[in-house]
file start.tsv (TSV, C-alpha atoms)
chain	number	residue	atom	x	y	z
A	802	MET	CA	32.43	23.60	-36.28
A	803	SER	CA	30.96	21.14	-33.77
A	804	ASP	CA	27.79	19.31	-34.69
A	805	PRO	CA	24.90	21.16	-32.97
A	806	ILE	CA	23.36	17.82	-31.95
A	807	PHE	CA	26.51	16.95	-30.00
A	808	ILE	CA	26.61	20.46	-28.50
A	809	LEU	CA	23.06	19.94	-27.24
A	810	HIS	CA	23.78	16.49	-25.81
A	811	GLN	CA	27.16	17.27	-24.28
A	812	GLY	CA	27.15	16.36	-20.60
A	813	LEU	CA	23.87	14.42	-20.70
A	814	LEU	CA	24.01	10.93	-19.22
A	815	ARG	CA	21.39	9.46	-21.57
A	816	GLU	CA	20.77	9.77	-25.30
A	817	ALA	CA	17.30	8.19	-25.19
A	818	PRO	CA	14.57	7.42	-22.67
A	819	GLY	CA	15.73	4.81	-20.19
A	820	SER	CA	16.66	4.06	-16.61
A	821	ASP	CA	18.85	1.76	-14.56
A	822	ALA	CA	15.74	-0.23	-13.58
A	823	THR	CA	14.73	-0.75	-17.22
A	824	THR	CA	18.23	-1.89	-18.22
A	825	LEU	CA	18.32	-4.29	-15.26
A	826	ARG	CA	14.95	-5.74	-16.22
A	827	ALA	CA	16.13	-6.20	-19.80
A	828	LEU	CA	19.34	-7.91	-18.67
A	829	THR	CA	17.36	-10.27	-16.45
A	830	LEU	CA	15.05	-11.20	-19.33
A	831	SER	CA	18.04	-11.78	-21.60
A	832	GLY	CA	19.18	-14.65	-19.36
A	833	VAL	CA	22.84	-13.66	-19.70
A	834	ARG	CA	25.06	-14.48	-16.74
A	835	GLY	CA	28.60	-15.47	-15.82
A	836	PRO	CA	31.66	-14.47	-17.86
A	837	ALA	CA	29.63	-13.22	-20.82
A	838	ARG	CA	30.96	-11.04	-23.63
A	839	ILE	CA	28.52	-8.18	-24.24
A	840	ALA	CA	28.52	-5.39	-26.82
A	841	ASP	CA	26.64	-2.16	-26.12
A	842	MET	CA	25.97	-0.81	-29.63
A	843	GLY	CA	25.46	2.93	-30.02
A	844	CYS	CA	26.24	3.26	-26.33
A	845	GLY	CA	26.40	7.07	-26.17
A	846	PRO	CA	27.88	8.17	-22.83
A	847	GLY	CA	27.31	4.67	-21.50
A	848	ALA	CA	24.42	4.68	-19.05
A	849	ALA	CA	23.44	1.12	-19.98
A	850	THR	CA	27.09	0.05	-20.08
A	851	MET	CA	27.60	1.14	-16.48
A	852	VAL	CA	24.47	-0.70	-15.32
A	853	THR	CA	25.63	-3.84	-17.14
A	854	LEU	CA	29.12	-3.73	-15.62
A	855	ARG	CA	27.63	-3.42	-12.14
A	856	ALA	CA	24.91	-6.03	-12.61
A	857	LEU	CA	27.12	-8.70	-14.21
A	858	PRO	CA	30.42	-8.74	-12.29
A	859	GLU	CA	32.00	-11.44	-14.49
A	860	ALA	CA	31.02	-9.91	-17.82
A	861	GLN	CA	33.28	-8.16	-20.30
A	862	VAL	CA	31.51	-5.20	-21.94
A	863	ILE	CA	32.60	-3.60	-25.20
A	864	ALA	CA	31.00	-0.18	-25.71
A	865	VAL	CA	30.66	0.87	-29.36
A	866	ASP	CA	29.90	4.39	-30.58
A	867	HIS	CA	31.05	6.53	-33.51
A	868	HIS	CA	31.41	9.64	-31.31
A	869	ALA	CA	34.69	9.37	-29.39
A	870	PRO	CA	33.85	12.00	-26.70
A	871	TYR	CA	30.99	9.79	-25.49
A	872	LEU	CA	33.44	6.94	-24.98
A	873	ASP	CA	35.86	9.26	-23.16
A	874	THR	CA	33.06	10.16	-20.74
A	875	LEU	CA	32.23	6.48	-20.24
A	876	GLU	CA	35.87	5.57	-19.57
A	877	HIS	CA	36.15	8.28	-16.91
A	878	ARG	CA	32.97	7.07	-15.22
A	879	ALA	CA	34.10	3.45	-15.31
A	880	HIS	CA	37.50	4.32	-13.83
A	881	ALA	CA	35.86	6.32	-11.04
A	882	ALA	CA	33.58	3.38	-10.24
A	883	GLY	CA	36.38	0.80	-10.32
A	884	LEU	CA	34.86	-0.99	-13.31
A	885	ALA	CA	37.32	-0.09	-16.07
A	886	ARG	CA	39.10	-3.46	-16.02
A	887	ARG	CA	36.10	-5.17	-17.64
A	888	LEU	CA	35.33	-2.36	-20.09
A	889	GLN	CA	36.58	-1.88	-23.63
A	890	THR	CA	35.55	1.04	-25.82
A	891	ARG	CA	35.52	1.05	-29.59
A	892	VAL	CA	35.03	4.01	-31.94
A	893	ALA	CA	33.08	2.31	-34.72
A	894	ASP	CA	29.85	2.26	-36.68
A	895	MET	CA	27.23	-0.18	-35.40
A	896	ARG	CA	26.83	-1.46	-38.97
A	897	ALA	CA	30.43	-2.72	-38.99
A	898	PRO	CA	31.62	-2.85	-35.38
A	899	GLY	CA	34.57	-5.11	-36.11
A	900	PHE	CA	33.72	-8.16	-33.98
A	901	ALA	CA	34.70	-11.64	-35.09
A	902	ASN	CA	31.79	-13.96	-35.85
A	903	GLY	CA	30.46	-16.02	-32.98
A	904	THR	CA	32.13	-13.98	-30.22
A	905	LEU	CA	29.26	-12.14	-28.48
A	906	ASP	CA	26.81	-13.55	-25.95
A	907	LEU	CA	24.62	-10.48	-25.89
A	908	ILE	CA	24.19	-7.34	-27.96
A	909	LEU	CA	22.55	-4.45	-26.15
A	910	CYS	CA	21.20	-1.45	-28.09
A	911	GLU	CA	19.18	1.14	-26.19
A	912	GLY	CA	17.51	3.80	-28.31
A	913	ALA	CA	19.83	3.45	-31.32
A	914	MET	CA	18.41	0.61	-33.40
A	915	TYR	CA	16.58	3.10	-35.64
A	916	PHE	CA	19.90	4.18	-37.15
A	917	MET	CA	20.08	0.77	-38.86
A	918	GLY	CA	16.49	-0.41	-38.93
A	919	ILE	CA	15.32	-3.48	-37.04
A	920	GLU	CA	15.58	-6.03	-39.85
A	921	ALA	CA	18.89	-4.73	-41.19
A	922	GLY	CA	20.36	-4.53	-37.71
A	923	LEU	CA	19.37	-8.04	-36.71
A	924	ARG	CA	20.62	-9.51	-39.98
A	925	ALA	CA	23.96	-7.69	-39.63
A	926	TRP	CA	24.46	-8.78	-36.02
A	927	ARG	CA	23.33	-12.40	-36.27
A	928	PRO	CA	26.76	-13.75	-37.34
A	929	LEU	CA	28.42	-11.99	-34.39
A	930	LEU	CA	26.51	-13.99	-31.77
A	931	ALA	CA	27.81	-17.10	-30.09
A	932	GLN	CA	25.47	-20.08	-29.83
A	933	GLY	CA	22.55	-19.09	-27.61
A	934	GLY	CA	23.33	-15.40	-28.00
A	935	ARG	CA	20.59	-12.79	-27.91
A	936	VAL	CA	19.94	-9.13	-28.74
A	937	VAL	CA	18.16	-6.66	-26.48
A	938	PHE	CA	17.04	-3.40	-28.07
A	939	SER	CA	14.65	-0.56	-27.33
A	940	GLU	CA	12.47	1.12	-29.93
A	941	VAL	CA	9.93	3.96	-29.91
A	942	VAL	CA	6.43	2.62	-30.60
A	943	TRP	CA	2.86	3.80	-30.81
A	944	ILE	CA	0.82	2.62	-27.81
A	945	LYS	CA	-2.49	4.29	-28.74
A	946	ARG	CA	-4.73	3.03	-31.52
A	947	THR	CA	-5.69	6.54	-32.64
A	948	VAL	CA	-2.61	8.74	-32.88
A	949	PRO	CA	-2.98	12.52	-32.28
A	950	GLU	CA	-2.17	14.47	-35.43
A	951	GLU	CA	0.45	16.59	-33.67
A	952	ALA	CA	2.33	13.49	-32.54
A	953	ARG	CA	2.03	11.86	-35.94
A	954	LEU	CA	3.48	14.93	-37.66
A	955	PHE	CA	6.39	15.14	-35.21
A	956	TRP	CA	7.32	11.47	-35.65
A	957	MET	CA	7.16	11.65	-39.45
A	958	GLU	CA	10.93	12.13	-39.15
A	959	TYR	CA	10.99	8.41	-38.30
A	960	PRO	CA	8.68	6.87	-40.93
A	961	GLU	CA	9.48	3.31	-39.78
A	962	MET	CA	7.78	3.90	-36.43
A	963	THR	CA	5.11	1.31	-35.67
A	964	ASN	CA	3.47	-0.38	-32.68
A	965	ARG	CA	4.70	-3.40	-30.70
A	966	ASP	CA	3.02	-5.85	-33.07
A	967	GLY	CA	4.77	-4.12	-35.97
A	968	VAL	CA	8.14	-4.47	-34.28
A	969	ARG	CA	7.48	-8.16	-33.59
A	970	ALA	CA	6.62	-8.65	-37.27
A	971	ARG	CA	9.91	-7.05	-38.34
A	972	VAL	CA	11.84	-9.24	-35.91
A	973	GLU	CA	10.19	-12.34	-37.40
A	974	ALA	CA	10.81	-11.09	-40.95
A	975	ALA	CA	14.52	-10.93	-40.13
A	976	GLY	CA	14.48	-14.60	-39.09
A	977	TRP	CA	14.39	-14.00	-35.33
A	978	ARG	CA	11.86	-14.51	-32.56
A	979	VAL	CA	10.81	-12.35	-29.63
A	980	ILE	CA	11.55	-13.90	-26.22
A	981	ASP	CA	9.91	-11.08	-24.27
A	982	ASP	CA	9.06	-7.42	-24.56
A	983	PHE	CA	7.71	-4.65	-22.36
A	984	VAL	CA	6.78	-0.97	-22.54
A	985	GLN	CA	9.11	1.31	-20.62
A	986	PRO	CA	7.49	3.47	-17.93
A	987	LYS	CA	6.77	7.16	-18.44
A	988	GLU	CA	9.50	7.95	-15.90
A	989	ASP	CA	12.11	6.75	-18.40
A	990	TRP	CA	11.14	9.65	-20.66
A	991	GLU	CA	11.24	12.15	-17.81
A	992	VAL	CA	14.79	11.08	-16.88
A	993	TYR	CA	15.84	11.84	-20.47
A	994	LEU	CA	13.70	14.84	-21.41
A	995	GLY	CA	14.16	16.77	-18.15
A	996	PRO	CA	17.94	17.21	-18.56
A	997	LEU	CA	17.54	17.65	-22.34
A	998	GLY	CA	15.11	20.53	-21.90
A	999	ALA	CA	17.26	22.17	-19.23
A	1000	ARG	CA	20.34	21.89	-21.45
A	1001	ALA	CA	18.48	23.43	-24.40
A	1002	ASP	CA	17.29	26.35	-22.28
A	1003	ALA	CA	20.79	26.97	-20.91
A	1004	LEU	CA	22.33	27.06	-24.42
A	1005	ARG	CA	19.72	29.31	-26.01
A	1006	PRO	CA	21.06	32.78	-25.01
A	1007	GLU	CA	24.40	32.22	-26.81
A	1008	ALA	CA	23.14	29.99	-29.64
A	1009	ASP	CA	23.62	30.84	-33.30
A	1010	GLU	CA	20.84	30.26	-35.83
A	1011	THR	CA	21.86	26.68	-36.62
A	1012	LEU	CA	22.06	25.62	-32.99
A	1013	ARG	CA	18.84	27.46	-32.20
A	1014	GLY	CA	17.02	25.25	-34.69
A	1015	VAL	CA	18.24	22.14	-32.86
A	1016	LEU	CA	17.26	23.63	-29.51
A	1017	ASP	CA	13.79	24.39	-30.85
A	1018	GLY	CA	13.46	20.75	-31.87
A	1019	ALA	CA	14.45	19.59	-28.39
A	1020	ARG	CA	11.95	21.93	-26.75
A	1021	GLN	CA	9.25	20.68	-29.13
A	1022	GLU	CA	10.06	17.07	-28.18
A	1023	VAL	CA	9.77	17.89	-24.47
A	1024	GLU	CA	6.46	19.72	-24.86
A	1025	LEU	CA	4.99	17.10	-27.19
A	1026	PHE	CA	5.55	14.36	-24.63
A	1027	GLU	CA	3.91	16.47	-21.96
A	1028	ARG	CA	0.77	16.60	-24.11
A	1029	HIS	CA	0.77	13.13	-25.69
A	1030	SER	CA	2.65	10.72	-23.42
A	1031	ASP	CA	-0.30	8.34	-23.75
A	1032	ALA	CA	0.28	7.96	-27.50
A	1033	TYR	CA	3.84	6.66	-27.73
A	1034	ALA	CA	6.55	5.09	-25.60
A	1035	TYR	CA	9.80	3.20	-25.80
A	1036	ALA	CA	9.57	-0.56	-25.59
A	1037	VAL	CA	12.28	-3.15	-24.94
A	1038	PHE	CA	12.52	-6.34	-27.00
A	1039	VAL	CA	14.57	-9.41	-26.12
A	1040	VAL	CA	15.14	-11.46	-29.27
A	1041	GLU	CA	17.11	-14.44	-30.56
A	1042	PRO	CA	17.66	-16.08	-33.93
A	1043	ALA	CA	14.75	-18.36	-34.83

call {"tool": "encode", "arguments": {"input": "start.tsv", "output": "structure tokens"}}
result
Amino acid sequence: MSDPIFILHQGLLREAPGSDATTLRALTLSGVRGPARIADMGCGPGAATMVTLRALPEAQVIAVDHHAPYLDTLEHRAHAAGLARRLQTRVADMRAPGFANGTLDLILCEGAMYFMGIEAGLRAWRPLLAQGGRVVFSEVVWIKRTVPEEARLFWMEYPEMTNRDGVRARVEAAGWRVIDDFVQPKEDWEVYLGPLGARADALRPEADETLRGVLDGARQEVELFERHSDAYAYAVFVVEPA
């Protein structure tokens, strides 16, 4: 039986809030240029990978995800756009992606760092970076001092969630420093949640009980953001070893 999460997300172009403009801003802040070697960890169907390939025409991008169908989708998109020559895909876990030490100029991780945790992820990836290499990741954060109870209860599923200062502290605890960071605009959520909600509604009439539970969670996420978008957001952090 297929995982109901993957059934829900099948055909979606993003697995987390984001946009081409946000990825481009993050790449600019990273300072990477020229014939760089870049890994997109937990790439999903590769929205950020495609932006990176277009924005950095000399870069080689290796897209890493444990779900092979996402990588198949990315390969088809890259071929159609004439970008496949500079793309590699790798079915692997972000915790052990199989790169030799010192071989990556940039690690990009949009909306997937929580699978590892910030400190654990940065410590695991540090040996993989070449001299001067950096990591760019996005993370959901509280942006309101007083959090609505409904939002707090929903996000209890991610107990590590904190604010931007909390993320900076974890980066420093891992032996890294923050070069820059910014809060993603509300539109980045709408680009993600709009298609997610539509997909959930389309699947509901034929859904079994297990899938229906996942669809209910997606609908709750959409409606929660409509009510409390002032309380939390995704933020991008550009970091390097201290």

call {"tool": "residues_around", "arguments": {"input": "start.tsv", "residues": "Ala882 in chain A", "least_positions_apart": "5", "cutoff": "10 Å", "atoms": "all atoms listed in the file", "output": "list in words"}}
result
Met851, Leu854, Arg855, Glu876 and His877 of chain A

call {"tool": "atom_distance", "arguments": {"input": "start.tsv", "atom1": "CA of Tyr1035 in chain A", "atom2": "CA of Glu988 in chain A"}}
result
11.0 Å

call {"tool": "closest_atom_pairs", "arguments": {"input": "start.tsv", "of": "range 828-854 of chain A", "to": "range 860-870 of chain A", "cutoff": "8 Å", "atoms": "all atoms listed in the file", "output": "Markdown table"}}
result
| residue | atom | partner | partner_atom | distance |
| --- | --- | --- | --- | --- |
| A:Arg834 | CA | A:Ala860 | CA | 7.6 |
| A:Gly835 | CA | A:Ala860 | CA | 6.4 |
| A:Pro836 | CA | A:Ala860 | CA | 4.6 |
| A:Ala837 | CA | A:Ala860 | CA | 4.7 |
| A:Arg838 | CA | A:Gln861 | CA | 5.0 |
| A:Ile839 | CA | A:Val862 | CA | 4.8 |
| A:Ala840 | CA | A:Ile863 | CA | 4.7 |
| A:Asp841 | CA | A:Ala864 | CA | 4.8 |
| A:Met842 | CA | A:Val865 | CA | 5.0 |
| A:Gly843 | CA | A:Asp866 | CA | 4.7 |
| A:Cys844 | CA | A:Asp866 | CA | 5.7 |
| A:Gly845 | CA | A:Asp866 | CA | 6.2 |
| A:Gly847 | CA | A:Ala864 | CA | 7.4 |
| A:Thr850 | CA | A:Ala864 | CA | 6.9 |
| A:Thr853 | CA | A:Val862 | CA | 7.7 |
| A:Leu854 | CA | A:Ala860 | CA | 6.8 |

call {"tool": "residues_around", "arguments": {"input": "start.tsv", "residues": "Gly899 in chain A", "least_positions_apart": "5", "cutoff": "10 Å", "atoms": "only C-alpha atoms", "output": "NGL selection string"}}
result
:A and (865 or 891 or 893-894 or 929)

call {"tool": "atom_distance", "arguments": {"input": "start.tsv", "atom1": "CA of Val972 in chain A", "atom2": "CA of Ala817 in chain A"}}
result
21.2 Å

call {"tool": "residues_around", "arguments": {"input": "start.tsv", "residues": "Arg935 in chain A", "least_positions_apart": "2", "cutoff": "6 Å", "atoms": "only C-alpha atoms", "output": "PyMOL selection string"}}
result
chain A and resi 907+1040-1041

call {"tool": "closest_residue", "arguments": {"input": "start.tsv", "among": "A:Val833, A:Leu905, A:Val968, A:Ala974", "to": "Trp943 in chain A", "atoms": "all atoms listed in the file"}}
result
A:Val968

call {"tool": "atom_distance", "arguments": {"input": "start.tsv", "atom1": "CA of Thr890 in chain A", "atom2": "CA of Gln985 in chain A"}}
result
26.9 Å

call {"tool": "residues_around", "arguments": {"input": "start.tsv", "residues": "Arg969 in chain A", "least_positions_apart": "4", "cutoff": "12 Å", "atoms": "all atoms listed in the file", "output": "VMD selection string"}}
result
chain A and resid 919 to 920 940 942 963 to 965 973 to 983 1036 to 1041

call {"tool": "closest_residue", "arguments": {"input": "start.tsv", "among": "A:Cys910, A:Ser939, A:Leu809, A:Pro898", "to": "Arg1020 in chain A", "atoms": "only C-alpha atoms"}}
result
A:Leu809

call {"tool": "residues_near_point", "arguments": {"input": "start.tsv", "point": "(34.4, -14.2, -36.3)", "cutoff": "10 Å", "atoms": "only C-alpha atoms", "output": "mmCIF file with C-alpha atoms, in the frame of the given file"}}
result
data_model
loop_
_atom_site.group_PDB
_atom_site.id
_atom_site.type_symbol
_atom_site.label_atom_id
_atom_site.label_comp_id
_atom_site.auth_asym_id
_atom_site.auth_seq_id
_atom_site.Cartn_x
_atom_site.Cartn_y
_atom_site.Cartn_z
ATOM 1 C CA GLY A 899 34.570 -5.110 -36.110
ATOM 2 C CA PHE A 900 33.720 -8.160 -33.980
ATOM 3 C CA ALA A 901 34.700 -11.640 -35.090
ATOM 4 C CA ASN A 902 31.790 -13.960 -35.850
ATOM 5 C CA GLY A 903 30.460 -16.020 -32.980
ATOM 6 C CA THR A 904 32.130 -13.980 -30.220
ATOM 7 C CA LEU A 905 29.260 -12.140 -28.480
ATOM 8 C CA PRO A 928 26.760 -13.750 -37.340
ATOM 9 C CA LEU A 929 28.420 -11.990 -34.390
ATOM 10 C CA LEU A 930 26.510 -13.990 -31.770
ATOM 11 C CA ALA A 931 27.810 -17.100 -30.090
#
